[in-house]
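Listing of protein_0.cif; format and content: mmCIF, C-alpha atoms.
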```
data_protein
#
loop_
_atom_site.label_atom_id
_atom_site.label_comp_id
_atom_site.auth_asym_id
_atom_site.auth_seq_id
_atom_site.Cartn_x
_atom_site.Cartn_y
_atom_site.Cartn_z
CA MET A 247 0.00 0.00 0.00
CA VAL A 248 1.18 3.49 -0.87
CA GLN A 249 0.19 6.71 0.89
CA LEU A 250 0.01 10.08 -0.87
CA THR A 251 -0.54 13.41 0.82
CA GLY A 252 -1.84 16.18 -1.38
CA SER A 253 -1.26 19.79 -0.35
CA PRO A 254 -3.07 22.74 -1.94
CA SER A 255 -1.36 25.30 -4.13
CA SER A 256 -4.17 27.64 -5.18
CA VAL A 257 -6.98 29.68 -3.68
CA VAL A 258 -10.14 29.16 -5.71
CA SER A 259 -12.17 31.59 -3.60
CA ALA A 260 -11.09 33.36 -0.40
CA GLY A 261 -14.41 35.02 0.42
CA ALA A 262 -14.12 36.84 3.77
CA TRP A 263 -11.05 34.86 4.79
CA VAL A 264 -7.75 36.72 5.19
CA ASN A 265 -4.44 35.26 3.91
CA ALA A 266 -6.11 32.14 2.52
CA ALA A 267 -2.83 30.97 0.89
CA ASN A 268 -1.42 30.34 4.38
CA VAL A 269 -3.22 26.97 4.38
CA PHE A 270 -0.78 25.54 1.82
CA THR A 271 1.69 24.34 4.51
CA SER A 272 1.57 23.39 8.20
CA ASN A 273 3.73 26.10 9.76
CA ASN A 274 1.63 27.91 12.37
CA VAL A 275 0.93 30.77 9.95
CA TYR A 276 -2.82 31.03 9.45
CA ALA A 277 -5.67 31.97 7.21
CA THR A 278 -8.25 33.67 9.44
CA ASN A 279 -11.94 34.52 9.50
CA THR A 280 -13.65 36.61 12.19
CA GLY A 281 -17.20 35.44 11.56
CA ALA A 282 -18.43 39.03 11.57
CA THR A 283 -22.13 38.09 11.78
CA GLN A 284 -23.43 35.41 14.15
CA ASN A 285 -24.86 32.27 12.51
CA THR A 286 -23.60 33.25 9.06
CA GLU A 287 -21.42 30.85 7.09
CA TYR A 288 -18.15 32.09 5.55
CA PRO A 289 -16.64 29.68 3.00
CA MET A 290 -13.25 29.60 1.31
CA GLU A 291 -12.30 27.17 -1.43
CA ILE A 292 -8.82 25.71 -1.75
CA GLY A 293 -7.48 23.80 -4.79
CA GLY A 294 -4.31 22.84 -6.61
CA PHE A 295 -4.00 19.39 -5.06
CA ASP A 296 -1.53 17.39 -7.17
CA PHE A 297 -2.28 13.68 -7.47
CA SER A 298 -0.50 13.23 -10.81
CA THR A 299 1.52 10.31 -9.40
CA LEU A 300 -1.66 8.43 -8.42
CA PRO A 301 -2.02 5.65 -11.04
CA SER A 302 -5.25 5.87 -12.99
CA ASP A 303 -5.88 2.17 -12.35
CA ALA A 304 -5.11 2.37 -8.63
CA THR A 305 -7.53 1.03 -6.01
CA ILE A 306 -8.16 3.40 -3.11
CA SER A 307 -7.91 1.65 0.24
CA GLY A 308 -10.72 2.65 2.57
CA THR A 309 -11.68 6.30 2.63
CA VAL A 310 -9.74 9.43 1.78
CA ALA A 311 -8.94 11.69 4.75
CA VAL A 312 -9.46 15.42 4.21
CA GLY A 313 -7.83 17.20 7.14
CA VAL A 314 -8.16 20.83 8.20
CA GLU A 315 -5.66 21.91 10.87
CA CYS A 316 -7.39 24.69 12.79
CA LEU A 317 -8.21 26.44 16.08
CA ALA A 318 -10.37 29.25 17.43
CA ASN A 319 -9.49 32.00 19.87
CA ALA A 320 -12.32 30.98 22.21
CA ASN A 321 -14.02 27.62 22.88
CA SER A 322 -17.66 27.05 21.87
CA ARG A 323 -17.85 30.15 19.68
CA ALA A 324 -17.15 28.77 16.20
CA GLN A 325 -17.79 25.75 14.00
CA ILE A 326 -16.19 24.55 10.76
CA LYS A 327 -17.72 22.56 7.93
CA ILE A 328 -15.51 20.68 5.45
CA GLU A 329 -16.57 19.68 1.94
CA LEU A 330 -14.56 17.79 -0.68
CA MET A 331 -15.65 18.83 -4.15
CA ASP A 332 -15.02 18.16 -7.83
CA GLY A 333 -16.05 21.48 -9.28
CA ALA A 334 -19.65 22.00 -8.16
CA THR A 335 -20.11 18.33 -7.23
CA VAL A 336 -19.90 17.67 -3.48
CA ILE A 337 -18.13 14.34 -2.87
CA GLY A 338 -18.35 14.34 0.93
CA THR A 339 -19.19 16.63 3.84
CA LEU A 340 -18.15 16.94 7.48
CA PRO A 341 -21.06 18.83 9.12
CA LEU A 342 -20.43 21.90 11.22
CA THR A 343 -18.11 20.81 14.03
CA ALA A 344 -16.93 22.79 17.06
CA VAL A 345 -13.48 24.36 16.90
CA THR A 346 -11.43 24.56 20.12
CA THR A 347 -8.52 26.70 21.24
CA THR A 348 -6.19 23.72 20.86
CA GLU A 349 -4.86 23.35 17.34
CA GLY A 350 -5.65 20.02 15.73
CA PHE A 351 -7.15 18.35 12.67
CA LEU A 352 -10.81 18.10 11.89
CA THR A 353 -11.13 15.24 9.42
CA LEU A 354 -13.64 14.44 6.71
CA ASN A 355 -13.57 10.83 5.51
CA ALA A 356 -14.81 10.79 1.92
CA SER A 357 -14.92 8.35 -0.99
CA PRO A 358 -13.80 10.11 -4.18
CA SER A 359 -12.90 8.18 -7.30
CA VAL A 360 -9.37 8.17 -8.67
CA ALA A 361 -10.58 10.35 -11.55
CA GLN A 362 -12.00 12.90 -9.10
CA LEU A 363 -8.73 13.03 -7.15
CA LYS A 364 -6.85 13.65 -10.38
CA SER A 365 -9.36 16.23 -11.57
CA PRO A 366 -8.05 19.81 -12.00
CA ASN A 367 -11.33 20.91 -10.37
CA LEU A 368 -10.67 19.07 -7.09
CA LYS A 369 -11.03 21.44 -4.15
CA VAL A 370 -11.78 21.61 -0.43
CA ARG A 371 -14.33 24.09 0.83
CA VAL A 372 -13.81 25.18 4.43
CA THR A 373 -16.72 27.08 5.97
CA ASN A 374 -16.54 29.00 9.26
CA LYS A 375 -19.62 29.84 11.34
CA ARG A 376 -19.64 31.94 14.51
CA ILE A 377 -22.31 30.49 16.81
CA ALA A 378 -21.97 32.84 19.81
CA SER A 379 -22.86 36.47 20.25
CA GLN A 380 -19.30 37.23 21.28
CA ALA A 381 -16.67 37.86 18.63
CA ALA A 382 -14.56 34.90 17.54
CA THR A 383 -11.71 34.30 15.12
CA THR A 384 -11.14 30.95 13.45
CA SER A 385 -7.64 30.17 12.14
CA VAL A 386 -6.70 27.46 9.62
CA ASP A 387 -3.06 26.42 9.44
CA TYR A 388 -3.16 23.66 6.81
CA VAL A 389 -5.49 21.73 4.50
CA ARG A 390 -4.47 18.30 3.22
CA ILE A 391 -5.87 15.23 1.47
CA VAL A 392 -4.40 11.84 2.40
CA VAL A 393 -4.92 8.84 0.12
CA ASP A 394 -3.92 5.22 0.70
CA TYR A 395 -3.96 3.11 -2.44
CA THR A 396 -2.74 -0.05 -4.09
CA ALA A 397 -1.81 -0.29 -7.76
CA PRO A 398 -2.12 -3.38 -9.95
CA ILE A 399 1.20 -4.99 -10.81
CA HIS A 400 1.84 -5.01 -14.56
CA LYS A 401 4.42 -7.07 -16.42
CA MET A 402 7.88 -5.49 -16.50
CA GLU A 403 7.82 -5.33 -20.29
CA THR A 404 4.86 -2.92 -20.19
CA LEU A 405 7.15 -0.18 -18.88
CA SER A 406 8.13 1.82 -21.95
CA ASP A 407 9.95 5.16 -22.09
CA ASP A 408 12.25 6.70 -24.69
CA PHE A 409 12.63 9.96 -22.70
CA ALA A 410 11.79 11.93 -25.83
CA THR A 411 10.85 15.13 -24.02
CA GLN A 412 11.61 14.75 -20.32
CA ILE A 413 11.91 12.41 -17.35
CA ASN A 414 8.24 11.79 -16.63
CA PRO A 415 7.68 12.61 -12.93
CA SER A 416 4.57 10.43 -12.81
CA VAL A 417 6.68 7.40 -13.80
CA TRP A 418 10.14 8.06 -12.36
CA GLY A 419 11.61 9.27 -9.11
CA SER A 420 15.21 10.47 -9.04
CA TYR A 421 18.01 11.16 -6.59
CA ASN A 422 21.19 13.22 -6.50
CA SER A 423 22.61 14.55 -9.78
CA VAL A 424 20.09 13.53 -12.46
CA SER A 425 18.81 15.55 -15.43
CA TRP A 426 17.24 15.16 -18.86
CA GLU A 427 19.58 15.81 -21.76
CA ALA A 428 18.86 15.45 -25.49
CA GLY A 429 16.28 12.69 -25.16
CA ARG A 430 17.95 10.59 -22.47
CA VAL A 431 18.64 10.43 -18.74
CA ARG A 432 21.92 11.95 -17.59
CA ALA A 433 23.19 10.71 -14.22
CA VAL A 434 26.48 11.95 -12.74
CA SER A 435 28.76 9.44 -11.06
CA VAL A 436 29.17 10.59 -7.47
CA GLN A 437 30.01 8.61 -4.36
CA ALA A 438 26.40 8.82 -3.16
CA TYR A 439 25.19 7.50 -6.58
CA SER A 440 22.69 9.19 -8.91
CA GLY A 441 19.79 7.56 -10.65
CA VAL A 442 16.13 7.18 -11.51
CA TYR A 443 13.68 4.54 -10.32
CA THR A 444 10.10 3.61 -11.15
CA LEU A 445 7.48 4.87 -8.73
CA SER A 446 5.42 1.73 -9.42
CA SER A 447 6.38 -1.92 -9.13
CA PHE A 448 6.32 -4.43 -11.99
CA ASP A 449 6.19 -8.21 -12.33
CA LEU A 450 9.46 -9.59 -13.73
CA ARG A 451 8.22 -13.18 -13.92
CA GLU A 452 8.14 -14.37 -17.56
CA SER A 453 9.07 -10.83 -18.55
CA TYR A 454 12.08 -8.59 -19.16
CA ALA A 455 13.55 -5.11 -18.95
CA PHE A 456 16.18 -3.56 -21.19
CA ALA A 457 17.76 -0.18 -21.81
CA LYS A 458 20.42 1.52 -23.85
CA VAL A 459 23.29 2.23 -21.47
CA THR A 460 26.24 4.59 -21.94
CA PRO A 461 28.51 4.29 -18.91
CA PRO A 462 30.94 7.03 -17.86
CA PRO A 463 34.71 6.55 -18.25
CA ALA A 464 36.15 3.65 -16.30
CA ALA A 465 37.22 4.12 -12.68
CA THR A 466 38.15 1.53 -10.07
CA SER A 467 35.02 1.89 -7.92
CA ARG A 468 32.61 3.19 -10.57
CA GLU A 469 29.41 1.29 -11.32
CA THR A 470 26.67 1.77 -13.91
CA MET A 471 23.72 -0.39 -12.95
CA LEU A 472 20.31 -1.65 -13.99
CA SER A 473 18.53 -2.90 -10.86
CA LEU A 474 15.35 -4.93 -10.61
CA SER A 475 14.78 -5.34 -6.92
CA ALA A 476 12.10 -6.09 -4.37
CA ALA A 477 11.85 -5.77 -0.60
CA VAL A 478 14.06 -2.65 -0.31
CA HIS A 479 16.92 -4.18 -2.29
CA THR A 480 17.13 -7.37 -0.20
CA GLU A 481 16.07 -9.44 -3.23
CA GLY A 482 16.69 -8.87 -6.91
CA VAL A 483 18.76 -9.14 -10.07
CA TYR A 484 21.23 -6.50 -11.26
CA PHE A 485 23.17 -5.86 -14.46
CA GLY A 486 26.15 -3.54 -14.31
CA VAL A 487 29.19 -2.11 -16.05
CA VAL A 488 31.79 -1.81 -13.32
CA GLY A 489 35.42 -1.15 -12.46
CA SER A 490 38.56 -0.36 -14.41
CA PRO A 491 39.03 -1.90 -16.89
CA ARG A 492 35.28 -2.08 -17.24
CA SER A 493 33.51 -5.43 -16.86
CA LEU A 494 29.97 -6.66 -17.18
CA MET A 495 28.64 -7.68 -13.76
CA PHE A 496 25.78 -10.16 -13.30
CA ARG A 497 24.38 -10.06 -9.76
CA ARG A 498 21.77 -12.21 -8.08
CA ARG A 499 20.67 -11.13 -4.59
CA ILE A 500 18.78 -13.47 -2.27
CA GLY A 501 18.14 -12.54 1.36
CA ASN A 502 20.55 -9.59 1.00
CA VAL A 503 23.37 -11.97 -0.04
CA ASP A 504 24.96 -11.32 -3.45
CA THR A 505 26.28 -13.78 -5.99
CA ASP A 506 28.36 -11.92 -8.59
CA SER A 507 29.84 -13.07 -11.89
CA TYR A 508 31.78 -11.07 -14.47
CA ALA A 509 32.66 -10.92 -18.17
CA ALA A 510 34.75 -8.55 -20.29
CA TYR A 511 32.92 -5.41 -21.39
CA ASP A 512 32.75 -4.42 -25.07
CA PRO A 513 31.53 -0.85 -25.68
CA VAL A 514 30.30 -1.77 -29.17
CA GLN A 515 28.59 -5.12 -28.53
CA HIS A 516 27.22 -4.27 -25.07
CA VAL A 517 25.42 -0.98 -25.73
CA TRP A 518 22.06 -2.50 -24.75
CA LEU A 519 21.58 -4.49 -21.54
CA ARG A 520 18.62 -6.76 -20.78
CA VAL A 521 17.51 -8.88 -17.83
CA ARG A 522 14.91 -11.67 -18.20
CA LEU A 523 13.28 -14.03 -15.73
CA ILE A 524 11.96 -17.27 -17.24
CA GLY A 525 10.66 -19.68 -14.63
CA THR A 526 13.24 -19.54 -11.85
CA THR A 527 16.15 -18.71 -14.16
CA ALA A 528 17.45 -15.17 -14.61
CA TYR A 529 19.20 -14.28 -17.88
CA TRP A 530 21.53 -11.39 -18.65
CA ASP A 531 21.70 -10.42 -22.36
CA THR A 532 23.47 -7.77 -24.43
CA ALA A 533 22.95 -6.30 -27.89
CA PRO A 534 24.74 -3.75 -30.08
CA ASP A 535 21.46 -2.45 -31.52
CA GLY A 536 18.60 -3.39 -29.18
CA VAL A 537 17.52 -6.17 -31.56
CA THR A 538 20.33 -8.74 -31.91
CA TRP A 539 20.58 -10.19 -28.40
CA THR A 540 23.24 -12.54 -27.03
CA ASN A 541 22.92 -14.26 -23.67
CA ARG A 542 25.96 -13.64 -21.47
CA PHE A 543 25.00 -15.35 -18.20
CA SER A 544 22.16 -17.16 -16.44
CA ILE A 545 21.53 -18.48 -12.94
CA THR A 546 18.66 -19.87 -10.87
CA THR A 547 17.07 -17.54 -8.33
CA THR A 548 14.57 -18.26 -5.56
CA SER A 549 13.66 -14.60 -5.08
CA ASN A 550 10.04 -13.56 -5.44
CA LEU A 551 10.28 -10.97 -8.21
CA SER A 552 6.56 -10.47 -8.76
CA ALA A 553 6.79 -6.82 -7.63
CA VAL A 554 10.07 -5.11 -8.45
CA GLN A 555 11.12 -1.54 -9.05
CA PHE A 556 13.35 -0.80 -12.02
CA GLU A 557 16.27 1.49 -11.30
CA MET A 558 19.08 2.91 -13.44
CA SER A 559 22.02 4.42 -11.59
CA VAL A 560 25.61 5.58 -11.83
CA GLY A 561 27.98 5.98 -8.91
CA GLN A 562 31.14 4.98 -7.14
CA TRP A 563 31.64 3.24 -3.82
CA ALA A 564 34.90 5.13 -3.13
CA ALA A 565 36.24 8.58 -3.93
CA GLU A 566 37.46 8.95 -7.51
CA THR A 567 39.49 11.72 -9.11
CA ASP A 568 36.58 12.94 -11.24
CA THR A 569 32.80 12.87 -11.55
CA GLN A 570 31.54 11.84 -14.98
CA PRO A 571 28.02 11.39 -16.37
CA GLY A 572 26.48 8.18 -17.64
CA TYR A 573 23.39 8.00 -19.85
CA PHE A 574 20.29 5.81 -20.04
CA ASP A 575 17.73 5.68 -22.83
CA ASN A 576 15.03 3.62 -24.56
CA VAL A 577 13.68 1.57 -21.66
CA ASN A 578 11.95 -1.35 -23.41
CA VAL A 579 11.84 0.72 -26.61
CA VAL A 580 13.79 -0.33 -29.71
CA PRO A 581 14.64 2.45 -32.21
CA ILE A 582 13.80 1.91 -35.86
CA THR A 583 16.87 2.74 -37.90
CA GLY A 584 15.09 3.10 -41.22
CA GLY A 585 11.82 2.87 -43.09
CA ARG A 586 9.73 5.06 -40.79
CA PRO A 587 8.59 8.57 -41.80
CA LYS A 588 10.34 11.49 -40.10
CA VAL A 589 9.29 15.06 -39.34
CA TRP A 590 11.40 18.10 -38.50
CA THR A 591 10.77 19.33 -34.94
CA GLY A 592 12.67 22.57 -35.40
CA SER A 593 15.90 21.16 -34.04
CA ALA A 594 16.00 17.52 -35.16
CA TRP A 595 14.32 14.86 -37.30
CA ALA A 596 11.87 12.81 -35.20
CA ASN A 597 9.80 9.73 -35.96
CA LYS A 598 6.41 10.58 -37.40
CA PRO A 599 3.80 8.54 -35.54
CA ALA A 600 1.38 6.32 -37.38
CA LYS A 601 -2.16 6.94 -36.14
CA VAL A 602 -5.44 5.05 -35.97
CA TRP A 603 -9.00 6.27 -35.41
CA THR A 604 -10.48 5.16 -32.05
CA GLY A 605 -13.98 6.30 -32.89
CA SER A 606 -13.52 9.67 -31.27
CA ALA A 607 -9.90 10.67 -31.91
CA TRP A 608 -6.71 9.84 -33.79
CA VAL A 609 -4.20 8.16 -31.48
CA GLU A 610 -0.69 6.92 -32.10
CA LYS A 611 -0.52 3.34 -33.28
CA PRO A 612 2.22 1.37 -31.54
CA VAL A 613 4.90 0.17 -33.93
CA LYS A 614 6.65 -3.01 -32.89
CA VAL A 615 9.82 -4.86 -33.84
CA TRP A 616 11.07 -8.33 -33.01
CA SER A 617 13.62 -8.17 -30.15
CA GLY A 618 14.76 -11.75 -30.61
CA SER A 619 12.31 -13.15 -28.09
CA ALA A 620 9.24 -10.92 -28.28
CA TRP A 621 7.58 -8.07 -30.15
CA VAL A 622 8.44 -4.78 -28.42
CA LEU A 623 7.52 -1.16 -28.97
CA ALA A 624 9.76 0.74 -31.33
CA ARG A 625 10.58 4.44 -31.47
#
```
For the structure just supplied, provide its representation as structure tokens.
Amino acid sequence: MVQLTGSPSSVVSAGAWVNAANVFTSNNVYATNTGATQNTEYPMEIGGFDFSTLPSDATISGTVAVGVECLANANSRAQIKIELMDGATVIGTLPLTAVTTTEGFLTLNASPSVAQLKSPNLKVRVTNKRIASQAATTSVDYVRIVVDYTAPIHKMETLSDDFATQINPSVWGSYNSVSWEAGRVRAVSVQAYSGVYTLSSFDLRESYAFAKVTPPPAATSRETMLSLSAAVHTEGVYFGVVGSPRSLMFRRRIGNVDTDSYAAYDPVQHVWLRVRLIGTTAYWDTAPDGVTWTNRFSITTTSNLSAVQFEMSVGQWAAETDTQPGYFDNVNVVPITGGRPKVWTGSAWANKPAKVWTGSAWVEKPVKVWSGSAWVLAR
């Protein structure tokens, strides 16, 4: 199960509230409302909740918690109502509830759909009502939406990214010195390692993952690695270009214990690296072009690799005299070298997509090539 906390970033409507944008973070700086007239409701609407990393096919676990961190300057003088909304549609409501002088969260438990959480019209309406004849000020420190969810596990081969325009933040997380450069991932070799990893897990059983890998110059402790690991790296299979002179490294990890084997590295023949799991046997393959694959090593593994994250990293386990970048590209995407129409983007020739009519729109038709063991998407 994964938990996401969405914080607001926009004020849809402040109404009679002062400094409404102060609810974006929990920092004891408040949006306030005095409730000028007794028994009158004063709403503000807060939006800009970003759930872009929530998978569209996720299953929400239980209810979604909408929390409003608030207090009043006097007990029994004010109430707050919370509504979760998709535009004008009210998804759930916490009725008017007393606000005390002790700061804490009032919580609405609602049941929005994934589509509603991802909607640009998602908002929280917070309404203050003064219920006493004496003056009262209600203060809101923070508004948040907390979602617990599970995502279906797809086959590893369904992950497909050629990094044509950027590193997609809804697919990849990153750490340390990582950037997008000319249609590929650039990761700088530092002692703390740099890399990208999938935010979702994938099933490696009877499946595969491959990428085009350009390691940095050789150094004694430098490693360029594809990692397919489960259980916080205690189980998995890894494919690396390591050391000086550079070698291919085939690693099986079971119960946090590594079994490593090596072969000579060829910068021409080993441009593409692939890991497969067939039955209980893991295979490490290389190709010069992403199509003509040669198996380099195989070994039996007892690890459960039904839910692994795919990671691509560069780094060094000891201090080196320089820091150099490595590059990763075409994750499970084979480039077509000829025969496909091209268009000029303004700076380069790019593949022109073939399109099919869905009944309501023209969408890109996937083009596939034979990888040597399966048909895979081509770019």
Polymer residues at most 6 Å from (-15.9, 21.8, 14.4) by only C-alpha atoms, as a PyMOL selection string:
chain A and resi 325-326+342-345
How would the residues just chosen look if you wrote them out with C-alpha atoms as a short mmCIF file (atom, residue, chain, number, x, y, z; two decimals), keeping the file's coordinate frame?
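In the end it all went to again_31.cif:
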```cif
data_model
loop_
_atom_site.label_atom_id
_atom_site.label_comp_id
_atom_site.auth_asym_id
_atom_site.auth_seq_id
_atom_site.Cartn_x
_atom_site.Cartn_y
_atom_site.Cartn_z
CA GLN A 325 -17.79 25.75 14.00
CA ILE A 326 -16.19 24.55 10.76
CA LEU A 342 -20.43 21.90 11.22
CA THR A 343 -18.11 20.81 14.03
CA ALA A 344 -16.93 22.79 17.06
CA VAL A 345 -13.48 24.36 16.90
#
```
Min atom-atom distance to A:Val459 from the set A:Ile500, A:Ala378, A:Ala311, A:Val577, counting all atoms listed in the file, belongs to A:Val577
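Closest to A:Pro358 among A:Thr335, A:Leu405, A:Pro341, A:Ile413 is A:Thr335, based on only C-alpha atoms.
The smallest atom-to-atom distance between A:Met402 and any of A:Val424, A:Ala533, A:Ala455, A:Val258, using only C-alpha atoms, is found for A:Ala455.
With atom CA of A:Ala477 on one side and atom CA of A:Leu519 on the other, the separation reads 23.1 Å.
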Shortest contact to A:Ser552, candidates A:Asp394, A:Asp512, A:Asp506, A:Asp449, atoms counted only C-alpha atoms, goes to A:Asp449
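Distance annotation: of A:Asn502, A:Ser559, A:Thr546, A:Ser359, the residue with the minimal separation from A:Tyr421 is A:Ser559; atom set is all atoms listed in the file.
Going from atom CA of A:Ser606 to atom CA of A:Ser406 covers 24.8 Å.
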inquiry  = If the PyMOL selection byres ((chain A and resi 536) around 7) were run on this exact file, what residues would it hold? Put them as a PyMOL selection string.
reply    = chain A and resi 518+533-535+537-538+580+617
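Nearest to A:Val248 of all the residues A:Thr411, A:Phe456, A:Ala382, A:Leu300 is A:Leu300, counting all atoms listed in the file.
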In Å and to one decimal, atom CA of A:Glu349 is distant from atom CA of A:Asp387 by 8.7 Å
Write out as an MDAnalysis selection string each polymer residue whose atoms come within 12 Å of A:Trp426, counting only C-alpha atoms; drop sequence neighbours fewer than 5 positions from it. chainID A and resid 408:415 418 420 431:434 441:442 571:575
Saving stretch 542-575 of chain A with C-alpha atoms, as a CSV table (one decimal), in the first residue's frame, what would that file be?
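File result-v7.csv, as written:
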```
chain,number,residue,atom,x,y,z
A,542,ARG,CA,26.0,-13.6,-21.5
A,543,PHE,CA,25.0,-15.4,-18.2
A,544,SER,CA,22.2,-17.2,-16.4
A,545,ILE,CA,21.5,-18.5,-12.9
A,546,THR,CA,18.7,-19.9,-10.9
A,547,THR,CA,17.1,-17.5,-8.3
A,548,THR,CA,14.6,-18.3,-5.6
A,549,SER,CA,13.7,-14.6,-5.1
A,550,ASN,CA,10.0,-13.6,-5.4
A,551,LEU,CA,10.3,-11.0,-8.2
A,552,SER,CA,6.6,-10.5,-8.8
A,553,ALA,CA,6.8,-6.8,-7.6
A,554,VAL,CA,10.1,-5.1,-8.5
A,555,GLN,CA,11.1,-1.5,-9.0
A,556,PHE,CA,13.3,-0.8,-12.0
A,557,GLU,CA,16.3,1.5,-11.3
A,558,MET,CA,19.1,2.9,-13.4
A,559,SER,CA,22.0,4.4,-11.6
A,560,VAL,CA,25.6,5.6,-11.8
A,561,GLY,CA,28.0,6.0,-8.9
A,562,GLN,CA,31.1,5.0,-7.1
A,563,TRP,CA,31.6,3.2,-3.8
A,564,ALA,CA,34.9,5.1,-3.1
A,565,ALA,CA,36.2,8.6,-3.9
A,566,GLU,CA,37.5,9.0,-7.5
A,567,THR,CA,39.5,11.7,-9.1
A,568,ASP,CA,36.6,12.9,-11.2
A,569,THR,CA,32.8,12.9,-11.6
A,570,GLN,CA,31.5,11.8,-15.0
A,571,PRO,CA,28.0,11.4,-16.4
A,572,GLY,CA,26.5,8.2,-17.6
A,573,TYR,CA,23.4,8.0,-19.8
A,574,PHE,CA,20.3,5.8,-20.0
A,575,ASP,CA,17.7,5.7,-22.8
```
